[in-house]
Protein chains: 2
Amino acid sequence: MRGRRLYPNDRVILRELGLRDGLQLVSRWPGTAAKTEWINRAAAAGVRHIEVGSFLPTERFPQFADIRTLVTAAAALPDIRASALTLNERAVDDALTTAVSEIVLVVSATEAHSRANMRRSRQSAVELVGYACSKRKDHETVERRYPTSDGAESGPVVCAAISVAFGCPFEGDVSTDTVLAAVDKCLEAGADVIAVADTIGVAAPRQVSDLCRALLPRLGATPLVVHLHDTRGTGIANAHGALEAGVRILDGTIGGLGGCPFAPGATGNVVFEDLVYLCERCGFPTGINLELLITIRSILERDMAGEPLFGALARAGIPKMLSWSASRLPEDRGARGKREAASGR
Amino acid sequence: MRGRRLYPNDRVILRELGLRDGLQLVSRWPGTAAKTEWINRAAAAGVRHIEVGSFLPTERFPQFADIRTLVTAAAALPDIRASALTLNERAVDDALTTAVSEIVLVVSATEAHSRANMRRSRQSAVELVGYACSKRKDHETVERRYPTSDGAESGPVVCAAISVAFGCPFEGDVSTDTVLAAVDKCLEAGADVIAVADTIGVAAPRQVSDLCRALLPRLGATPLVVHLHDTRGTGIANAHGALEAGVRILDGTIGGLGGCPFAPGATGNVVFEDLVYLCERCGFPTGINLELLITIRSILERDMAGEPLFGALARAGIPKMLSWSASRLPEDRGARGKREAASGR
């Protein structure tokens, strides 16, 4: 499966989304040099999957105007998979002219949220997934970072993210069947990776594990990502619910950056550092060095003054009794030597 | 069993410990009138188990000098169980002259922590539990709030709290066998309730559920409390691990008040409000009205300025899609009508 090129299923993979999901609603953001430093530090800490921005109209979203530069910067680093969000056909076309490893598209679980958030019906959002999947084959001029011998496998991976999968601000509860139907349509449209997102942060741990247990066998070799917000303090508990169900790919942002338009003042995404700690503490090596990782917070403190930064690990310190440097990915990973050299351990 | 008098096992019971565990390390604290208001508001919100302070030398711990007044104030409220911490024989004697419903004693899981924290051996701490259990029968002059027809059942409940049960700052990992041994000794000494405490906030969710699954059958009808700190962001996840294992009694403090001497700047206890939310969201009615509960934070903001207050619920607001007022305890609870009248719902 194409999705497994980017997401081997023998380890936990944590995706840092701060440069995209963390900057969607802010009034101040780091400049391109600081964003590049962010990517470099994340890479040095051992993060391998980074969402570097969105392909959005620069007049409305100036914080993402440097998306091409960031994709290029990330693509120049060894082993980094750079992803970017696209919300319409033009954005998909733009993304396909870059070295991006993964294109993320959003399909709402509910019709009301789809129309409010994307001004599209769910069906139209699914068609956009199909558009991205068909178009990527036409864009062979850009050198891909993960070429395969099979021509049909070239082009970036397409990830369909099912938003409001655990609750909708307009329609309330969202049933498992509703999510499964949306997932099925995205798979039919050709999506390589499926994400389920607790967009407004209302999920409960058992709800997360139940939905994931329903999804995983259905998805087979297609990777499943769980994207959680910590709006009401259950983000880490929900992440644990996902791990318990067998999910091995989770999203977060440094400092929990990223608000929710429906919950002013709320924490945004799950705090990435705390997610690393949870996984390591639960026996899932992440390959991420926490001491190096939390240095990224100083960029945010400097360039996004006033933006609240969350995170228990950064506050409490890394416990001495846990030897983080001992965290290792499975021995059979070919790129291990190179990665460790890159992370400076 | 004596412990079940205070802890019926047909519901989740959340204990608010802010007036004790939350005030141990602070330099400013609310006055007696404000503390009484705290207790009144908690009671009005539906909280039934409140730890109101410690019997400690007032010269060293002036924040607890009003413990007798607070026990009396709490005892005057319908359905409130007031508990207090005691760390030596004199404190036990003092507590037994009040209307306190529960006396809490600490037994460290490790010898090093016991000597550092209490300047007692573990054996000596266990003997203190025995002392409390034997002495309570001698104190029949104080009117108990929960008299029984059986004279042997009079006197307050004795809770033995096993500290550093999930990790020790001196000895590192703490094995299940170590905790079980400490619990057995406390039961032999006559403890009515057992608590296990993640004193330094290093527990992981699976570790919590594993330990609880080992403890619950061993304890039989003796109630088990899980006391968690949120030092590294896993507090709510750990609480969920306890719930999943069958634990129905959990501790927390309003605003996560209460630091840890071994982790400066860290969050203290699990945030009580967020714990209420977790339980309600997971289908465990708490009988607690969140809107009323979070009004207690204004007392802390006013009288403990500078003390960091944590809590996602207070920040994000109570989600409209969850109808908190619909939260109900089991129908068979006799005191229900009275409780609802007291909580103003």
# chains A, B, ... in the order shown; residues from 1 in each chain; ligands from 1
$ interface_residues --of "chain A" --to "chain B" --cutoff "9 Å" --atoms "only C-alpha atoms" --output "JSON, numbers by chain"
{"A": [167, 168, 169, 172, 173, 202, 203, 204, 205, 206, 207, 230, 231, 232, 233, 234, 235, 236, 237, 238, 239, 240, 241, 263, 264, 265, 266, 267, 274, 275, 277, 278, 281, 282, 311, 312, 313, 314, 315, 316, 317, 318, 319, 320, 321, 322]}
$ residues_around --residues "Leu85 in chain B" --least-positions-apart "3" --cutoff "7 Å" --atoms "only C-alpha atoms" --output "ChimeraX atom specification"
/B:53-55,103-105
$ residues_around --residues "Thr32 in chain A" --least-positions-apart "5" --cutoff "10 Å" --atoms "only C-alpha atoms" --output "list in words"
Glu37, Trp38, Gln63, Phe64, Ala65, Asp66, Ile67, Thr69 and Leu70 of chain A
$ select_by_dssp --residues "range 48-153 of chain A" --states "alpha helix (DSSP H)" --output "PyMOL selection string"
chain A and resi 67-75+89-96+111-118+122-135
$ residues_around --residues "Gly246 in chain A" --least-positions-apart "4" --cutoff "10 Å" --atoms "only C-alpha atoms" --output "ChimeraX atom specification"
/A:12,209,212-213,216,224,240-242
$ residues_around --residues "Val100 in chain B" --least-positions-apart "2" --cutoff "7 Å" --atoms "only C-alpha atoms" --output "list of chain:residue names"
B:Val71, B:Ala82, B:Ser83, B:Ala95, B:Thr98, B:Glu102, B:Pro156
$ write_last_selection --atoms "N, CA, C and O atoms" --output "mmCIF file, in the first residue's frame"
data_model
loop_
_atom_site.group_PDB
_atom_site.id
_atom_site.type_symbol
_atom_site.label_atom_id
_atom_site.label_comp_id
_atom_site.auth_asym_id
_atom_site.auth_seq_id
_atom_site.Cartn_x
_atom_site.Cartn_y
_atom_site.Cartn_z
ATOM 1 N N VAL B 71 -13.654 21.590 60.038
ATOM 2 C CA VAL B 71 -14.337 20.308 60.252
ATOM 3 C C VAL B 71 -15.753 20.566 60.772
ATOM 4 O O VAL B 71 -16.724 19.963 60.287
ATOM 5 N N ALA B 82 -16.206 15.088 55.809
ATOM 6 C CA ALA B 82 -14.973 15.863 55.932
ATOM 7 C C ALA B 82 -13.853 14.943 56.393
ATOM 8 O O ALA B 82 -13.994 14.221 57.381
ATOM 9 N N SER B 83 -12.747 14.977 55.646
ATOM 10 C CA SER B 83 -11.583 14.190 56.053
ATOM 11 C C SER B 83 -10.441 15.139 56.383
ATOM 12 O O SER B 83 -10.464 16.329 56.044
ATOM 13 N N ALA B 95 -7.526 14.858 66.011
ATOM 14 C CA ALA B 95 -8.578 14.620 65.020
ATOM 15 C C ALA B 95 -9.765 13.914 65.660
ATOM 16 O O ALA B 95 -10.927 14.184 65.331
ATOM 17 N N THR B 98 -12.707 15.775 67.141
ATOM 18 C CA THR B 98 -13.544 16.569 66.241
ATOM 19 C C THR B 98 -14.598 15.680 65.582
ATOM 20 O O THR B 98 -14.594 14.457 65.769
ATOM 21 N N GLU B 102 -13.390 11.119 58.457
ATOM 22 C CA GLU B 102 -12.341 10.237 57.947
ATOM 23 C C GLU B 102 -10.978 10.808 58.324
ATOM 24 O O GLU B 102 -10.727 12.009 58.164
ATOM 25 N N PRO B 156 -14.549 7.679 63.351
ATOM 26 C CA PRO B 156 -14.311 7.964 61.937
ATOM 27 C C PRO B 156 -13.647 6.799 61.211
ATOM 28 O O PRO B 156 -13.037 5.929 61.823
#
$ residues_around --residues "Val225 in chain B" --least-positions-apart "4" --cutoff "8 Å" --atoms "only C-alpha atoms" --output "PDB file with N, CA, C and O atoms, in the first residue's frame"
ATOM      1  N   VAL B 193     -10.056   2.068  54.529  1.00  0.00           N
ATOM      2  CA  VAL B 193     -10.008   2.534  53.140  1.00  0.00           C
ATOM      3  C   VAL B 193      -8.533   2.556  52.748  1.00  0.00           C
ATOM      4  O   VAL B 193      -7.680   2.940  53.553  1.00  0.00           O
ATOM      5  N   ILE B 194      -8.242   2.150  51.504  1.00  0.00           N
ATOM      6  CA  ILE B 194      -6.866   2.204  51.002  1.00  0.00           C
ATOM      7  C   ILE B 194      -6.821   3.181  49.826  1.00  0.00           C
ATOM      8  O   ILE B 194      -7.668   3.130  48.932  1.00  0.00           O
ATOM      9  N   ALA B 195      -5.838   4.073  49.864  1.00  0.00           N
ATOM     10  CA  ALA B 195      -5.584   4.944  48.715  1.00  0.00           C
ATOM     11  C   ALA B 195      -4.199   4.628  48.169  1.00  0.00           C
ATOM     12  O   ALA B 195      -3.293   4.297  48.936  1.00  0.00           O
ATOM     13  N   VAL B 196      -4.050   4.690  46.853  1.00  0.00           N
ATOM     14  CA  VAL B 196      -2.709   4.600  46.259  1.00  0.00           C
ATOM     15  C   VAL B 196      -2.453   5.932  45.562  1.00  0.00           C
ATOM     16  O   VAL B 196      -3.295   6.440  44.814  1.00  0.00           O
ATOM     17  N   VAL B 247     -11.949   1.114  39.407  1.00  0.00           N
ATOM     18  CA  VAL B 247     -11.875   2.044  40.537  1.00  0.00           C
ATOM     19  C   VAL B 247     -13.020   3.044  40.426  1.00  0.00           C
ATOM     20  O   VAL B 247     -13.365   3.490  39.322  1.00  0.00           O
ATOM     21  N   ARG B 248     -13.618   3.385  41.556  1.00  0.00           N
ATOM     22  CA  ARG B 248     -14.749   4.313  41.542  1.00  0.00           C
ATOM     23  C   ARG B 248     -14.551   5.487  42.491  1.00  0.00           C
ATOM     24  O   ARG B 248     -15.474   6.284  42.685  1.00  0.00           O
ATOM     25  N   ILE B 249     -13.372   5.618  43.105  1.00  0.00           N
ATOM     26  CA  ILE B 249     -13.088   6.743  43.997  1.00  0.00           C
ATOM     27  C   ILE B 249     -11.785   7.399  43.542  1.00  0.00           C
ATOM     28  O   ILE B 249     -10.739   6.740  43.469  1.00  0.00           O
ATOM     29  N   LEU B 250     -11.875   8.677  43.202  1.00  0.00           N
ATOM     30  CA  LEU B 250     -10.708   9.398  42.695  1.00  0.00           C
ATOM     31  C   LEU B 250     -10.573  10.739  43.397  1.00  0.00           C
ATOM     32  O   LEU B 250     -11.570  11.365  43.770  1.00  0.00           O
ATOM     33  N   ASP B 251      -9.328  11.177  43.552  1.00  0.00           N
ATOM     34  CA  ASP B 251      -9.032  12.459  44.196  1.00  0.00           C
ATOM     35  C   ASP B 251      -8.655  13.521  43.166  1.00  0.00           C
ATOM     36  O   ASP B 251      -8.136  13.211  42.097  1.00  0.00           O
TER      37      ASP B 251
END
$ atom_distance --atom1 "CA of Thr97 in chain B" --atom2 "CA of Val129 in chain B"
17.0 Å
$ atom_distance --atom1 "CA of Asp303 in chain A" --atom2 "CA of Gly268 in chain A"
18.1 Å
$ atom_distance --atom1 "CA of Thr86 in chain B" --atom2 "CA of Thr72 in chain B"
16.9 Å
